[in-house]
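The structure appears right after this line, and notes come after that.
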Amino acid sequence: MNKTELISAISEESGLSKLDSKKALEGFISAVSNELKTGGKIALVGFGTFSITEKSARQGINPRTKEPITIKAKKVAKFKPGAELADLVK
């Protein structure tokens, strides 16, 4: 499902117009992005939790040259599904 299909699905499920559904989705994405950018965490009970995890620097291998390289430390976004979503997917 791509963004356009998701907007259509939100519109059908909620009864909102596609324009309002698009605004709602963009608002949600913006709110989650801004919270994660500041290092926060968003917990939606039953759905899941969005958070930031720090990955430490590590050694890797350049597949082309087989030389060892250092992969820099970085922060990554993480989503952990809630119990209801996990049960639904099973």
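Here, A, B, ... name the chains of the structure tokens in the order displayed, residue numbers run from 1 inside each chain, and ligands are numbered from 1 in the same displayed order.
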
Excluding range 23-32 of chain A and its own-chain neighbours fewer than 3 positions away, which residues fall within 12 Å of it when counting only C-alpha atoms? Please give them as a ChimeraX atom specification.
/A:3-11,14,16-20,35-44,49-52,77-79

Between CA of Glu13 in chain A and CA of Val89 in chain A, measure the distance and give it in Å to one decimal.
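According to the coordinates, CA of Glu13 in chain A and CA of Val89 in chain A are separated by 19.1 Å.
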
In Å, with one decimal, what is the gap from CA of Ala73 in chain A to CA of Ile61 in chain A?
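According to the coordinates, CA of Ala73 in chain A and CA of Ile61 in chain A are separated by 15.6 Å.
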
In Å, with one decimal, what is the gap from CA of Asn2 in chain A to CA of Lys22 in chain A?
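We find that CA of Asn2 in chain A and CA of Lys22 in chain A lie 12.6 Å from each other.
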
Would you mind writing down, as a ChimeraX atom specification, each residue of chain A that DSSP on the backbone assigns to helix (DSSP H, G or I)?
/A:3-14,18-37,83-89

Could you write those residues out with C-alpha atoms, as a PDB file, in the first residue's frame?
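Generated output (part-v8.pdb):
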```
ATOM      1  CA  LYS A   3       0.526   6.817   0.437  1.00  0.00           C
ATOM      2  CA  THR A   4      -2.304   7.446  -2.063  1.00  0.00           C
ATOM      3  CA  GLU A   5      -3.885   4.081  -1.308  1.00  0.00           C
ATOM      4  CA  LEU A   6      -3.553   4.732   2.429  1.00  0.00           C
ATOM      5  CA  ILE A   7      -5.298   8.101   2.055  1.00  0.00           C
ATOM      6  CA  SER A   8      -8.140   6.389   0.165  1.00  0.00           C
ATOM      7  CA  ALA A   9      -8.434   3.716   2.875  1.00  0.00           C
ATOM      8  CA  ILE A  10      -8.498   6.338   5.645  1.00  0.00           C
ATOM      9  CA  SER A  11     -11.177   8.227   3.735  1.00  0.00           C
ATOM     10  CA  GLU A  12     -13.351   5.115   3.372  1.00  0.00           C
ATOM     11  CA  GLU A  13     -12.905   4.000   7.002  1.00  0.00           C
ATOM     12  CA  SER A  14     -13.452   7.411   8.591  1.00  0.00           C
ATOM     13  CA  LYS A  18      -9.805  12.445   0.645  1.00  0.00           C
ATOM     14  CA  LEU A  19      -8.464  15.981   1.157  1.00  0.00           C
ATOM     15  CA  ASP A  20      -9.201  15.839   4.901  1.00  0.00           C
ATOM     16  CA  SER A  21      -7.729  12.333   5.093  1.00  0.00           C
ATOM     17  CA  LYS A  22      -4.564  13.557   3.370  1.00  0.00           C
ATOM     18  CA  LYS A  23      -4.276  16.462   5.836  1.00  0.00           C
ATOM     19  CA  ALA A  24      -4.800  14.079   8.769  1.00  0.00           C
ATOM     20  CA  LEU A  25      -2.143  11.650   7.514  1.00  0.00           C
ATOM     21  CA  GLU A  26       0.351  14.447   6.845  1.00  0.00           C
ATOM     22  CA  GLY A  27      -0.375  15.872  10.304  1.00  0.00           C
ATOM     23  CA  PHE A  28       0.244  12.472  11.894  1.00  0.00           C
ATOM     24  CA  ILE A  29       3.501  11.986   9.990  1.00  0.00           C
ATOM     25  CA  SER A  30       4.644  15.493  10.913  1.00  0.00           C
ATOM     26  CA  ALA A  31       3.792  15.059  14.606  1.00  0.00           C
ATOM     27  CA  VAL A  32       5.584  11.693  14.833  1.00  0.00           C
ATOM     28  CA  SER A  33       8.605  13.017  12.932  1.00  0.00           C
ATOM     29  CA  ASN A  34       8.917  16.109  15.123  1.00  0.00           C
ATOM     30  CA  GLU A  35       8.626  14.106  18.342  1.00  0.00           C
ATOM     31  CA  LEU A  36      11.246  11.568  17.242  1.00  0.00           C
ATOM     32  CA  LYS A  37      13.520  14.376  16.039  1.00  0.00           C
ATOM     33  CA  ALA A  83      -0.138  -6.538  21.676  1.00  0.00           C
ATOM     34  CA  GLU A  84      -3.399  -6.031  19.749  1.00  0.00           C
ATOM     35  CA  LEU A  85      -1.577  -5.357  16.461  1.00  0.00           C
ATOM     36  CA  ALA A  86       0.769  -8.299  17.019  1.00  0.00           C
ATOM     37  CA  ASP A  87      -2.176 -10.625  17.693  1.00  0.00           C
ATOM     38  CA  LEU A  88      -4.020  -9.338  14.608  1.00  0.00           C
ATOM     39  CA  VAL A  89      -1.032 -10.034  12.355  1.00  0.00           C
TER      40      VAL A  89
END
```

Once DSSP has gone over the backbone, tell me which residues of chain A are in strand (DSSP E), as a ChimeraX atom specification.
/A:42-44,48-55,58-61,68-71,74-81

Same residues, N, CA and C atoms, saved as an mmCIF file, in the first residue's frame:
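Full text of out16.cif as output:
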```cif
data_model
loop_
_atom_site.group_PDB
_atom_site.id
_atom_site.type_symbol
_atom_site.label_atom_id
_atom_site.label_comp_id
_atom_site.auth_asym_id
_atom_site.auth_seq_id
_atom_site.Cartn_x
_atom_site.Cartn_y
_atom_site.Cartn_z
ATOM 1 N N ILE A 42 6.555 7.975 21.146
ATOM 2 C CA ILE A 42 5.104 8.042 20.983
ATOM 3 C C ILE A 42 4.540 6.644 21.199
ATOM 4 N N ALA A 43 3.645 6.515 22.177
ATOM 5 C CA ALA A 43 3.025 5.225 22.479
ATOM 6 C C ALA A 43 1.537 5.303 22.167
ATOM 7 N N LEU A 44 1.087 4.472 21.239
ATOM 8 C CA LEU A 44 -0.331 4.367 20.887
ATOM 9 C C LEU A 44 -0.800 3.006 21.406
ATOM 10 N N GLY A 48 1.067 0.452 18.876
ATOM 11 C CA GLY A 48 2.513 0.295 18.957
ATOM 12 C C GLY A 48 3.208 1.546 19.467
ATOM 13 N N THR A 49 4.530 1.491 19.496
ATOM 14 C CA THR A 49 5.352 2.572 20.018
ATOM 15 C C THR A 49 6.427 2.947 19.012
ATOM 16 N N PHE A 50 6.520 4.239 18.737
ATOM 17 C CA PHE A 50 7.580 4.785 17.900
ATOM 18 C C PHE A 50 8.638 5.342 18.839
ATOM 19 N N SER A 51 9.907 5.018 18.603
ATOM 20 C CA SER A 51 10.987 5.525 19.447
ATOM 21 C C SER A 51 12.267 5.638 18.630
ATOM 22 N N ILE A 52 13.301 6.185 19.276
ATOM 23 C CA ILE A 52 14.617 6.330 18.658
ATOM 24 C C ILE A 52 15.579 5.403 19.385
ATOM 25 N N THR A 53 16.381 4.698 18.615
ATOM 26 C CA THR A 53 17.409 3.819 19.166
ATOM 27 C C THR A 53 18.760 4.277 18.648
ATOM 28 N N GLU A 54 19.756 4.243 19.505
ATOM 29 C CA GLU A 54 21.105 4.618 19.077
ATOM 30 C C GLU A 54 21.900 3.363 18.751
ATOM 31 N N LYS A 55 22.450 3.331 17.564
ATOM 32 C CA LYS A 55 23.318 2.228 17.146
ATOM 33 C C LYS A 55 24.758 2.698 17.310
ATOM 34 N N ARG A 58 30.553 0.460 14.635
ATOM 35 C CA ARG A 58 30.961 -0.939 14.556
ATOM 36 C C ARG A 58 31.857 -1.163 13.354
ATOM 37 N N GLN A 59 32.503 -2.281 13.359
ATOM 38 C CA GLN A 59 33.376 -2.651 12.249
ATOM 39 C C GLN A 59 32.566 -3.407 11.199
ATOM 40 N N GLY A 60 32.851 -3.122 9.944
ATOM 41 C CA GLY A 60 32.212 -3.819 8.838
ATOM 42 C C GLY A 60 33.247 -4.133 7.783
ATOM 43 N N ILE A 61 32.804 -4.715 6.689
ATOM 44 C CA ILE A 61 33.706 -5.055 5.587
ATOM 45 C C ILE A 61 33.133 -4.483 4.303
ATOM 46 N N PRO A 68 38.437 -3.854 5.868
ATOM 47 C CA PRO A 68 37.626 -3.480 7.030
ATOM 48 C C PRO A 68 37.339 -1.975 7.020
ATOM 49 N N ILE A 69 36.114 -1.620 7.404
ATOM 50 C CA ILE A 69 35.731 -0.214 7.498
ATOM 51 C C ILE A 69 35.022 0.002 8.825
ATOM 52 N N THR A 70 34.969 1.257 9.262
ATOM 53 C CA THR A 70 34.240 1.600 10.469
ATOM 54 C C THR A 70 32.909 2.214 10.071
ATOM 55 N N ILE A 71 31.826 1.629 10.546
ATOM 56 C CA ILE A 71 30.489 2.159 10.302
ATOM 57 C C ILE A 71 30.169 3.089 11.459
ATOM 58 N N LYS A 74 24.890 5.938 14.785
ATOM 59 C CA LYS A 74 23.763 6.720 14.282
ATOM 60 C C LYS A 74 22.517 6.431 15.095
ATOM 61 N N LYS A 75 21.539 7.302 14.945
ATOM 62 C CA LYS A 75 20.237 7.114 15.572
ATOM 63 C C LYS A 75 19.276 6.612 14.498
ATOM 64 N N VAL A 76 18.429 5.659 14.870
ATOM 65 C CA VAL A 76 17.453 5.121 13.931
ATOM 66 C C VAL A 76 16.068 5.109 14.565
ATOM 67 N N ALA A 77 15.047 5.307 13.725
ATOM 68 C CA ALA A 77 13.668 5.232 14.189
ATOM 69 C C ALA A 77 13.293 3.765 14.346
ATOM 70 N N LYS A 78 12.490 3.476 15.360
ATOM 71 C CA LYS A 78 12.113 2.105 15.658
ATOM 72 C C LYS A 78 10.610 2.059 15.922
ATOM 73 N N PHE A 79 9.948 1.017 15.460
ATOM 74 C CA PHE A 79 8.534 0.804 15.757
ATOM 75 C C PHE A 79 8.373 -0.565 16.379
ATOM 76 N N LYS A 80 7.736 -0.597 17.543
ATOM 77 C CA LYS A 80 7.465 -1.869 18.208
ATOM 78 C C LYS A 80 5.949 -2.035 18.254
ATOM 79 N N PRO A 81 5.414 -3.056 17.577
ATOM 80 C CA PRO A 81 3.961 -3.235 17.567
ATOM 81 C C PRO A 81 3.418 -3.561 18.949
#
```
